[in-house]
Amino acid sequence: MNKKKIIPVILSTMLLITSLTGCGGNDKNIVSESTVKEDSVIESTISESVTESGSDEAVSKTPESPTTETTENISEKDTARTLVIYFSATRTTKGVAEKIASVSGADLYEIVPKDPYTDADLNYSDSNTRATMEQNDPDARPEFEPIEIDIDNTYSTVFLGYPIWWGQEPRIMDTFVESYDLSDITVIPFCTSGSSGIGSSGKSLSEKSGSGRWLEGNRFSGTVTEDEIRNWIAGLDI
């Protein structure tokens with residue numbers, strides 16, 4: 001072969017080899033960069049997933065139990081509750097009890113006699129009526145329906161309401177105070193009457209109860225207002 005023809009052939013071959021080598025190098029770089037980018041995307045996705053949903057431990061973790069301080073606060077709150085409990089044969093005491101509960105935010109409960117009193121039972125002018133005979137018998141203890149609240153262990157303050165009968169508390173109230181241990185409870189008696197005061201009824205109930213911290217009671221008429229009751233409660237040592 002002519003030397004002049006050989007030289008161009010050699011040069012062309014060298015250029016082709018160089019070109020192929022360059023392309024091969026670029027391909028390697030492209031694969032490498034693509035792999036790095038894909039790995040980076042996968043790692044980023046995993047990281048975001050963990051951040052959003054948390055680790056297995058975080059997901060399965062149960063809520064913490066209340067601390068001792070929280071438990072104590074709940075207990076104190078429960079034992080600081082107030083109750084207005086009353087007996088009312090003519091509904092007058094009921095109306096006053098509802099006002100006391102409304103003003104104080106207390107729970108309200110009625111003492112219901114097993115044998116309800118009729119108008120005839122409350123006839124003051126007849127010495128043979130049921131109420132008259134009960135009031136004349138210091139040992140009479142009329143029964144009441146079961147009370148479905150835990151007074152002893154739930155309340156720290158109790159407003160105790162009743163009408164005045166023949167100058168005294170109704171005997172059913174004696175039954176009530178003798179049925180409960182009022183220790184650690186502040187008891188505030190209140191009564192309703194058209195004219196008579198509370199008299200010795202509060203002291204009588206305190207003595208029959210034999211437990212509790214009894215405050216001096218008060219008498220209300222059926223027309224007492226909530227403002228008057230609010231002022232009365234504000235002056236109590238509770």
# chains A, B, ... in the order shown; residues from 1 in each chain; ligands from 1
>>> residues_around(residues="Leu160 in chain A", least_positions_apart="6", cutoff="7 Å", atoms="only C-alpha atoms", output="PyMOL selection string")
chain A and resi 84-86+187-190
>>> write_last_selection(atoms="C-alpha atoms", output="mmCIF file, in the first residue's frame")
data_model
loop_
_atom_site.group_PDB
_atom_site.id
_atom_site.type_symbol
_atom_site.label_atom_id
_atom_site.label_comp_id
_atom_site.auth_asym_id
_atom_site.auth_seq_id
_atom_site.Cartn_x
_atom_site.Cartn_y
_atom_site.Cartn_z
ATOM 1 C CA VAL A 84 -78.368 20.136 98.295
ATOM 2 C CA ILE A 85 -80.630 17.412 99.680
ATOM 3 C CA TYR A 86 -84.127 18.123 100.930
ATOM 4 C CA VAL A 187 -73.678 20.419 106.980
ATOM 5 C CA ILE A 188 -75.764 23.584 106.595
ATOM 6 C CA PRO A 189 -79.413 23.092 107.597
ATOM 7 C CA PHE A 190 -82.098 25.303 106.076
#
>>> residues_around(residues="Pro138 in chain A", least_positions_apart="3", cutoff="10 Å", atoms="only C-alpha atoms", output="PyMOL selection string")
chain A and resi 133-135+141+171+174
>>> write_last_selection(atoms="N, CA and C atoms", output="short mmCIF file (atom, residue, chain, number, x, y, z; two decimals), in the first residue's frame")
data_model
loop_
_atom_site.label_atom_id
_atom_site.label_comp_id
_atom_site.auth_asym_id
_atom_site.auth_seq_id
_atom_site.Cartn_x
_atom_site.Cartn_y
_atom_site.Cartn_z
N MET A 133 -99.23 13.08 114.83
CA MET A 133 -98.84 11.97 115.69
C MET A 133 -97.34 11.69 115.60
N GLU A 134 -96.78 11.81 114.42
CA GLU A 134 -95.33 11.60 114.28
C GLU A 134 -94.56 12.66 115.05
N GLN A 135 -94.97 13.90 114.94
CA GLN A 135 -94.23 14.98 115.61
C GLN A 135 -94.37 14.88 117.14
N ARG A 141 -89.84 7.30 113.26
CA ARG A 141 -88.81 7.36 112.21
C ARG A 141 -89.42 6.91 110.87
N ARG A 171 -89.96 14.25 111.37
CA ARG A 171 -89.27 13.05 111.88
C ARG A 171 -88.52 12.29 110.79
N ASP A 174 -84.99 13.10 110.95
CA ASP A 174 -84.25 12.35 111.98
C ASP A 174 -83.82 10.99 111.43
#
>>> residues_around(residues="Thr192 in chain A", least_positions_apart="3", cutoff="9 Å", atoms="only C-alpha atoms", output="PDB file with N, CA and C atoms, in the first residue's frame")
ATOM      1  N   THR A  92     -92.737  23.609  98.754  1.00  0.00           N
ATOM      2  CA  THR A  92     -92.152  24.914  99.082  1.00  0.00           C
ATOM      3  C   THR A  92     -90.646  24.780  99.308  1.00  0.00           C
ATOM      4  N   THR A  93     -90.266  23.789 100.098  1.00  0.00           N
ATOM      5  CA  THR A  93     -88.834  23.561 100.344  1.00  0.00           C
ATOM      6  C   THR A  93     -88.124  23.169  99.055  1.00  0.00           C
ATOM      7  N   VAL A  96     -87.006  26.323  97.191  1.00  0.00           N
ATOM      8  CA  VAL A  96     -85.836  26.966  97.806  1.00  0.00           C
ATOM      9  C   VAL A  96     -84.582  26.137  97.547  1.00  0.00           C
ATOM     10  N   GLY A 161     -82.240  20.507 103.643  1.00  0.00           N
ATOM     11  CA  GLY A 161     -83.459  21.297 103.706  1.00  0.00           C
ATOM     12  C   GLY A 161     -84.694  20.520 104.117  1.00  0.00           C
ATOM     13  N   TYR A 162     -85.618  21.228 104.775  1.00  0.00           N
ATOM     14  CA  TYR A 162     -86.854  20.611 105.266  1.00  0.00           C
ATOM     15  C   TYR A 162     -87.832  21.707 105.690  1.00  0.00           C
ATOM     16  N   PRO A 163     -89.135  21.392 105.770  1.00  0.00           N
ATOM     17  CA  PRO A 163     -90.102  22.345 106.323  1.00  0.00           C
ATOM     18  C   PRO A 163     -90.095  22.263 107.854  1.00  0.00           C
ATOM     19  N   ILE A 164     -90.620  23.266 108.468  1.00  0.00           N
ATOM     20  CA  ILE A 164     -90.807  23.230 109.930  1.00  0.00           C
ATOM     21  C   ILE A 164     -92.233  22.757 110.210  1.00  0.00           C
ATOM     22  N   SER A 195     -93.973  31.303 109.054  1.00  0.00           N
ATOM     23  CA  SER A 195     -93.725  32.270 110.136  1.00  0.00           C
ATOM     24  C   SER A 195     -92.660  31.800 111.129  1.00  0.00           C
ATOM     25  N   SER A 196     -92.629  30.496 111.432  1.00  0.00           N
ATOM     26  CA  SER A 196     -91.685  30.000 112.440  1.00  0.00           C
ATOM     27  C   SER A 196     -90.247  30.078 111.948  1.00  0.00           C
ATOM     28  N   GLY A 197     -89.327  30.286 112.890  1.00  0.00           N
ATOM     29  CA  GLY A 197     -87.906  30.276 112.552  1.00  0.00           C
ATOM     30  C   GLY A 197     -87.373  28.849 112.549  1.00  0.00           C
ATOM     31  N   ILE A 198     -86.072  28.729 112.354  1.00  0.00           N
ATOM     32  CA  ILE A 198     -85.470  27.393 112.318  1.00  0.00           C
ATOM     33  C   ILE A 198     -85.410  26.785 113.709  1.00  0.00           C
ATOM     34  N   ASN A 218     -80.619  28.378 108.613  1.00  0.00           N
ATOM     35  CA  ASN A 218     -81.401  29.569 108.295  1.00  0.00           C
ATOM     36  C   ASN A 218     -82.793  29.176 107.808  1.00  0.00           C
ATOM     37  N   ARG A 219     -83.735  30.063 108.072  1.00  0.00           N
ATOM     38  CA  ARG A 219     -85.118  29.850 107.626  1.00  0.00           C
ATOM     39  C   ARG A 219     -85.406  30.744 106.428  1.00  0.00           C
ATOM     40  N   PHE A 220     -86.118  30.192 105.440  1.00  0.00           N
ATOM     41  CA  PHE A 220     -86.484  30.959 104.257  1.00  0.00           C
ATOM     42  C   PHE A 220     -87.992  30.863 104.027  1.00  0.00           C
ATOM     43  N   SER A 221     -88.518  31.898 103.426  1.00  0.00           N
ATOM     44  CA  SER A 221     -89.895  31.822 102.941  1.00  0.00           C
ATOM     45  C   SER A 221     -89.851  31.275 101.520  1.00  0.00           C
ATOM     46  N   GLY A 222     -90.981  30.888 101.008  1.00  0.00           N
ATOM     47  CA  GLY A 222     -91.017  30.341  99.658  1.00  0.00           C
ATOM     48  C   GLY A 222     -90.724  31.368  98.581  1.00  0.00           C
TER      49      GLY A 222
END
>>> select_by_dssp(residues="range 129-179 of chain A", states="alpha helix (DSSP H)", output="PyMOL selection string")
chain A and resi 130-135+151-154+171-177
>>> atom_distance(atom1="CA of Thr157 in chain A", atom2="CA of Ala106 in chain A")
9.2 Å
>>> residues_around(residues="Phe144 in chain A", least_positions_apart="4", cutoff="6 Å", atoms="only C-alpha atoms", output="list in words")
Val112, Pro113 and Lys114 of chain A
>>> write_last_selection(atoms="all heavy atoms", output="mmCIF file, in the first residue's frame")
data_model
loop_
_atom_site.group_PDB
_atom_site.id
_atom_site.type_symbol
_atom_site.label_atom_id
_atom_site.label_comp_id
_atom_site.auth_asym_id
_atom_site.auth_seq_id
_atom_site.Cartn_x
_atom_site.Cartn_y
_atom_site.Cartn_z
ATOM 1 N N VAL A 112 -87.393 11.222 99.430
ATOM 2 C CA VAL A 112 -88.775 10.868 99.104
ATOM 3 C C VAL A 112 -89.300 9.853 100.115
ATOM 4 O O VAL A 112 -88.748 8.751 100.247
ATOM 5 C CB VAL A 112 -88.870 10.277 97.687
ATOM 6 C CG1 VAL A 112 -90.310 9.884 97.363
ATOM 7 C CG2 VAL A 112 -88.335 11.271 96.653
ATOM 8 N N PRO A 113 -90.363 10.175 100.855
ATOM 9 C CA PRO A 113 -90.915 9.215 101.822
ATOM 10 C C PRO A 113 -91.519 8.006 101.124
ATOM 11 O O PRO A 113 -92.095 8.127 100.045
ATOM 12 C CB PRO A 113 -91.987 10.025 102.559
ATOM 13 C CG PRO A 113 -92.343 11.129 101.633
ATOM 14 C CD PRO A 113 -91.109 11.449 100.846
ATOM 15 N N LYS A 114 -91.344 6.838 101.739
ATOM 16 C CA LYS A 114 -91.946 5.642 101.161
ATOM 17 C C LYS A 114 -93.464 5.748 101.159
ATOM 18 O O LYS A 114 -94.140 5.236 100.260
ATOM 19 C CB LYS A 114 -91.499 4.400 101.939
ATOM 20 C CG LYS A 114 -90.091 3.947 101.595
ATOM 21 C CD LYS A 114 -89.791 2.574 102.167
ATOM 22 C CE LYS A 114 -88.448 2.045 101.669
ATOM 23 N NZ LYS A 114 -88.154 0.691 102.193
#
>>> atom_distance(atom1="CA of Glu143 in chain A", atom2="CA of Lys99 in chain A")
26.3 Å
>>> residues_around(residues="Asp227 in chain A", least_positions_apart="5", cutoff="12 Å", atoms="only C-alpha atoms", output="list in words")
Lys99, Ile100, Ser102, Val103, Ser104, Trp232, Ile233 and Ala234 of chain A
>>> write_last_selection(atoms="all heavy atoms", output="JSON list (two decimals), in the first residue's frame")
[["chain", "number", "residue", "atom", "x", "y", "z"],
["A", 99, "LYS", "N", -83.16, 26.77, 94.17],
["A", 99, "LYS", "CA", -82.47, 28.05, 94.07],
["A", 99, "LYS", "C", -81.07, 27.96, 94.70],
["A", 99, "LYS", "O", -80.10, 28.52, 94.15],
["A", 99, "LYS", "CB", -83.29, 29.15, 94.77],
["A", 99, "LYS", "CG", -84.57, 29.49, 94.04],
["A", 99, "LYS", "CD", -85.39, 30.52, 94.80],
["A", 99, "LYS", "CE", -86.72, 30.80, 94.09],
["A", 99, "LYS", "NZ", -87.57, 31.75, 94.85],
["A", 100, "ILE", "N", -80.96, 27.27, 95.82],
["A", 100, "ILE", "CA", -79.65, 27.11, 96.46],
["A", 100, "ILE", "C", -78.72, 26.33, 95.54],
["A", 100, "ILE", "O", -77.54, 26.68, 95.37],
["A", 100, "ILE", "CB", -79.79, 26.39, 97.81],
["A", 100, "ILE", "CG1", -80.55, 27.27, 98.81],
["A", 100, "ILE", "CG2", -78.41, 26.03, 98.38],
["A", 100, "ILE", "CD1", -80.85, 26.61, 100.13],
["A", 102, "SER", "N", -78.90, 26.15, 92.29],
["A", 102, "SER", "CA", -78.60, 26.99, 91.14],
["A", 102, "SER", "C", -77.50, 28.00, 91.46],
["A", 102, "SER", "O", -76.57, 28.21, 90.67],
["A", 102, "SER", "CB", -79.87, 27.71, 90.68],
["A", 102, "SER", "OG", -79.59, 28.62, 89.64],
["A", 103, "VAL", "N", -77.59, 28.61, 92.62],
["A", 103, "VAL", "CA", -76.62, 29.63, 93.02],
["A", 103, "VAL", "C", -75.25, 29.02, 93.32],
["A", 103, "VAL", "O", -74.21, 29.58, 92.96],
["A", 103, "VAL", "CB", -77.14, 30.41, 94.24],
["A", 103, "VAL", "CG1", -76.03, 31.25, 94.87],
["A", 103, "VAL", "CG2", -78.31, 31.29, 93.85],
["A", 104, "SER", "N", -75.25, 27.87, 93.99],
["A", 104, "SER", "CA", -74.00, 27.26, 94.44],
["A", 104, "SER", "C", -73.39, 26.30, 93.43],
["A", 104, "SER", "O", -72.24, 25.88, 93.58],
["A", 104, "SER", "CB", -74.23, 26.51, 95.76],
["A", 104, "SER", "OG", -75.14, 25.43, 95.57],
["A", 232, "TRP", "N", -76.51, 35.02, 101.49],
["A", 232, "TRP", "CA", -76.45, 34.12, 102.66],
["A", 232, "TRP", "C", -75.27, 33.16, 102.53],
["A", 232, "TRP", "O", -74.49, 32.98, 103.47],
["A", 232, "TRP", "CB", -77.76, 33.35, 102.78],
["A", 232, "TRP", "CG", -77.75, 32.24, 103.77],
["A", 232, "TRP", "CD1", -77.53, 32.33, 105.12],
["A", 232, "TRP", "CD2", -77.93, 30.84, 103.47],
["A", 232, "TRP", "NE1", -77.58, 31.08, 105.70],
["A", 232, "TRP", "CE2", -77.83, 30.15, 104.72],
["A", 232, "TRP", "CE3", -78.19, 30.12, 102.33],
["A", 232, "TRP", "CZ2", -77.96, 28.75, 104.82],
["A", 232, "TRP", "CZ3", -78.33, 28.75, 102.42],
["A", 232, "TRP", "CH2", -78.21, 28.08, 103.65],
["A", 233, "ILE", "N", -75.13, 32.54, 101.37],
["A", 233, "ILE", "CA", -74.05, 31.59, 101.17],
["A", 233, "ILE", "C", -72.68, 32.27, 101.28],
["A", 233, "ILE", "O", -71.72, 31.70, 101.83],
["A", 233, "ILE", "CB", -74.20, 30.90, 99.80],
["A", 233, "ILE", "CG1", -75.45, 30.00, 99.80],
["A", 233, "ILE", "CG2", -72.96, 30.08, 99.46],
["A", 233, "ILE", "CD1", -75.74, 29.35, 98.46],
["A", 234, "ALA", "N", -72.60, 33.51, 100.79],
["A", 234, "ALA", "CA", -71.33, 34.25, 100.84],
["A", 234, "ALA", "C", -70.85, 34.47, 102.27],
["A", 234, "ALA", "O", -69.65, 34.60, 102.53],
["A", 234, "ALA", "CB", -71.47, 35.59, 100.11]]
>>> atom_distance(atom1="CA of Gly202 in chain A", atom2="CA of Ile229 in chain A")
18.1 Å
>>> closest_residue(among="A:Lys203, A:Asn153, A:Glu110, A:Pro170", to="Arg130 in chain A", atoms="only C-alpha atoms")
A:Pro170
>>> closest_residue(among="A:Cys191, A:Leu122, A:Ile238, A:Ile172", to="Asp137 in chain A", atoms="only C-alpha atoms")
A:Ile172
>>> closest_residue(among="A:Trp214, A:Tyr155, A:Tyr124, A:Tyr109", to="Ala80 in chain A", atoms="only C-alpha atoms")
A:Tyr155
>>> residues_around(residues="Ser204 in chain A", least_positions_apart="5", cutoff="10 Å", atoms="only C-alpha atoms", output="PyMOL selection string")
chain A and resi 168-169+174+199+209
>>> residues_around(residues="Glu178 in chain A", least_positions_apart="5", cutoff="9 Å", atoms="only C-alpha atoms", output="PDB file with N, CA, C and O atoms, in the first residue's frame")
ATOM      1  N   MET A 173     -86.593  13.561 108.784  1.00  0.00           N
ATOM      2  CA  MET A 173     -85.238  14.117 108.761  1.00  0.00           C
ATOM      3  C   MET A 173     -84.370  13.473 109.837  1.00  0.00           C
ATOM      4  O   MET A 173     -83.149  13.306 109.663  1.00  0.00           O
ATOM      5  N   LEU A 205     -80.997  17.992 114.888  1.00  0.00           N
ATOM      6  CA  LEU A 205     -80.473  17.121 113.840  1.00  0.00           C
ATOM      7  C   LEU A 205     -78.984  16.821 114.058  1.00  0.00           C
ATOM      8  O   LEU A 205     -78.544  15.694 113.845  1.00  0.00           O
ATOM      9  N   LYS A 208     -78.677  14.213 116.811  1.00  0.00           N
ATOM     10  CA  LYS A 208     -79.105  12.887 116.360  1.00  0.00           C
ATOM     11  C   LYS A 208     -78.112  12.282 115.362  1.00  0.00           C
ATOM     12  O   LYS A 208     -77.938  11.064 115.311  1.00  0.00           O
ATOM     13  N   SER A 209     -77.486  13.136 114.593  1.00  0.00           N
ATOM     14  CA  SER A 209     -76.490  12.662 113.628  1.00  0.00           C
ATOM     15  C   SER A 209     -75.234  12.167 114.338  1.00  0.00           C
ATOM     16  O   SER A 209     -74.723  11.087 114.035  1.00  0.00           O
ATOM     17  N   GLY A 210     -74.736  12.959 115.260  1.00  0.00           N
ATOM     18  CA  GLY A 210     -73.521  12.576 115.992  1.00  0.00           C
ATOM     19  C   GLY A 210     -72.261  12.660 115.147  1.00  0.00           C
ATOM     20  O   GLY A 210     -71.205  12.183 115.558  1.00  0.00           O
TER      21      GLY A 210
END
>>> select_by_dssp(residues="range 71-194 of chain A", states="strand (DSSP E)", output="JSON, numbers by chain")
{"A": [81, 82, 83, 84, 85, 86, 107, 108, 109, 110, 155, 156, 157, 158, 159, 160, 161, 162, 163, 186, 187, 188, 189, 190, 191, 192]}
>>> write_last_selection(atoms="N, CA and C atoms", output="PDB file, in the first residue's frame")
ATOM      1  N   ARG A  81     -67.128  18.348  96.235  1.00  0.00           N
ATOM      2  CA  ARG A  81     -68.441  18.593  95.654  1.00  0.00           C
ATOM      3  C   ARG A  81     -69.477  18.952  96.721  1.00  0.00           C
ATOM      4  N   THR A  82     -70.497  19.685  96.282  1.00  0.00           N
ATOM      5  CA  THR A  82     -71.541  20.166  97.185  1.00  0.00           C
ATOM      6  C   THR A  82     -72.879  19.541  96.798  1.00  0.00           C
ATOM      7  N   LEU A  83     -73.658  19.213  97.808  1.00  0.00           N
ATOM      8  CA  LEU A  83     -74.975  18.604  97.602  1.00  0.00           C
ATOM      9  C   LEU A  83     -76.044  19.413  98.321  1.00  0.00           C
ATOM     10  N   VAL A  84     -77.157  19.620  97.643  1.00  0.00           N
ATOM     11  CA  VAL A  84     -78.368  20.136  98.295  1.00  0.00           C
ATOM     12  C   VAL A  84     -79.353  18.975  98.330  1.00  0.00           C
ATOM     13  N   ILE A  85     -79.691  18.522  99.527  1.00  0.00           N
ATOM     14  CA  ILE A  85     -80.630  17.412  99.680  1.00  0.00           C
ATOM     15  C   ILE A  85     -81.765  17.874 100.586  1.00  0.00           C
ATOM     16  N   TYR A  86     -82.991  17.528 100.229  1.00  0.00           N
ATOM     17  CA  TYR A  86     -84.127  18.123 100.930  1.00  0.00           C
ATOM     18  C   TYR A  86     -85.318  17.171 100.977  1.00  0.00           C
ATOM     19  N   ASP A 107     -75.074  19.696  93.403  1.00  0.00           N
ATOM     20  CA  ASP A 107     -75.985  18.634  92.992  1.00  0.00           C
ATOM     21  C   ASP A 107     -77.265  18.759  93.819  1.00  0.00           C
ATOM     22  N   LEU A 108     -78.349  18.232  93.278  1.00  0.00           N
ATOM     23  CA  LEU A 108     -79.652  18.361  93.937  1.00  0.00           C
ATOM     24  C   LEU A 108     -80.302  16.988  94.063  1.00  0.00           C
ATOM     25  N   TYR A 109     -80.844  16.707  95.258  1.00  0.00           N
ATOM     26  CA  TYR A 109     -81.475  15.401  95.467  1.00  0.00           C
ATOM     27  C   TYR A 109     -82.617  15.554  96.466  1.00  0.00           C
ATOM     28  N   GLU A 110     -83.691  14.809  96.219  1.00  0.00           N
ATOM     29  CA  GLU A 110     -84.862  14.880  97.093  1.00  0.00           C
ATOM     30  C   GLU A 110     -84.998  13.628  97.947  1.00  0.00           C
ATOM     31  N   TYR A 155     -69.281  13.904  98.879  1.00  0.00           N
ATOM     32  CA  TYR A 155     -69.503  15.331  99.130  1.00  0.00           C
ATOM     33  C   TYR A 155     -68.761  15.829 100.373  1.00  0.00           C
ATOM     34  N   SER A 156     -68.317  17.074 100.273  1.00  0.00           N
ATOM     35  CA  SER A 156     -67.671  17.703 101.425  1.00  0.00           C
ATOM     36  C   SER A 156     -68.582  18.741 102.073  1.00  0.00           C
ATOM     37  N   THR A 157     -69.603  19.193 101.349  1.00  0.00           N
ATOM     38  CA  THR A 157     -70.551  20.175 101.870  1.00  0.00           C
ATOM     39  C   THR A 157     -71.966  19.739 101.512  1.00  0.00           C
ATOM     40  N   VAL A 158     -72.860  19.773 102.495  1.00  0.00           N
ATOM     41  CA  VAL A 158     -74.250  19.361 102.269  1.00  0.00           C
ATOM     42  C   VAL A 158     -75.196  20.416 102.836  1.00  0.00           C
ATOM     43  N   PHE A 159     -76.048  20.965 101.976  1.00  0.00           N
ATOM     44  CA  PHE A 159     -77.162  21.801 102.423  1.00  0.00           C
ATOM     45  C   PHE A 159     -78.346  20.873 102.652  1.00  0.00           C
ATOM     46  N   LEU A 160     -78.893  20.920 103.871  1.00  0.00           N
ATOM     47  CA  LEU A 160     -79.938  19.979 104.263  1.00  0.00           C
ATOM     48  C   LEU A 160     -81.242  20.739 104.505  1.00  0.00           C
ATOM     49  N   GLY A 161     -82.240  20.507 103.643  1.00  0.00           N
ATOM     50  CA  GLY A 161     -83.459  21.297 103.706  1.00  0.00           C
ATOM     51  C   GLY A 161     -84.694  20.520 104.117  1.00  0.00           C
ATOM     52  N   TYR A 162     -85.618  21.228 104.775  1.00  0.00           N
ATOM     53  CA  TYR A 162     -86.854  20.611 105.266  1.00  0.00           C
ATOM     54  C   TYR A 162     -87.832  21.707 105.690  1.00  0.00           C
ATOM     55  N   PRO A 163     -89.135  21.392 105.770  1.00  0.00           N
ATOM     56  CA  PRO A 163     -90.102  22.345 106.323  1.00  0.00           C
ATOM     57  C   PRO A 163     -90.095  22.263 107.854  1.00  0.00           C
ATOM     58  N   THR A 186     -69.294  19.231 105.950  1.00  0.00           N
ATOM     59  CA  THR A 186     -69.889  20.433 106.532  1.00  0.00           C
ATOM     60  C   THR A 186     -71.368  20.441 106.172  1.00  0.00           C
ATOM     61  N   VAL A 187     -72.225  20.490 107.191  1.00  0.00           N
ATOM     62  CA  VAL A 187     -73.678  20.419 106.980  1.00  0.00           C
ATOM     63  C   VAL A 187     -74.293  21.775 107.315  1.00  0.00           C
ATOM     64  N   ILE A 188     -75.072  22.308 106.382  1.00  0.00           N
ATOM     65  CA  ILE A 188     -75.764  23.584 106.595  1.00  0.00           C
ATOM     66  C   ILE A 188     -77.261  23.331 106.512  1.00  0.00           C
ATOM     67  N   PRO A 189     -77.962  23.303 107.643  1.00  0.00           N
ATOM     68  CA  PRO A 189     -79.413  23.092 107.597  1.00  0.00           C
ATOM     69  C   PRO A 189     -80.131  24.356 107.127  1.00  0.00           C
ATOM     70  N   PHE A 190     -81.227  24.171 106.414  1.00  0.00           N
ATOM     71  CA  PHE A 190     -82.098  25.303 106.076  1.00  0.00           C
ATOM     72  C   PHE A 190     -83.531  24.787 106.088  1.00  0.00           C
ATOM     73  N   CYS A 191     -84.441  25.663 106.421  1.00  0.00           N
ATOM     74  CA  CYS A 191     -85.839  25.242 106.512  1.00  0.00           C
ATOM     75  C   CYS A 191     -86.733  26.260 105.844  1.00  0.00           C
ATOM     76  N   THR A 192     -87.974  25.864 105.606  1.00  0.00           N
ATOM     77  CA  THR A 192     -88.989  26.781 105.086  1.00  0.00           C
ATOM     78  C   THR A 192     -90.156  26.810 106.059  1.00  0.00           C
TER      79      THR A 192
END
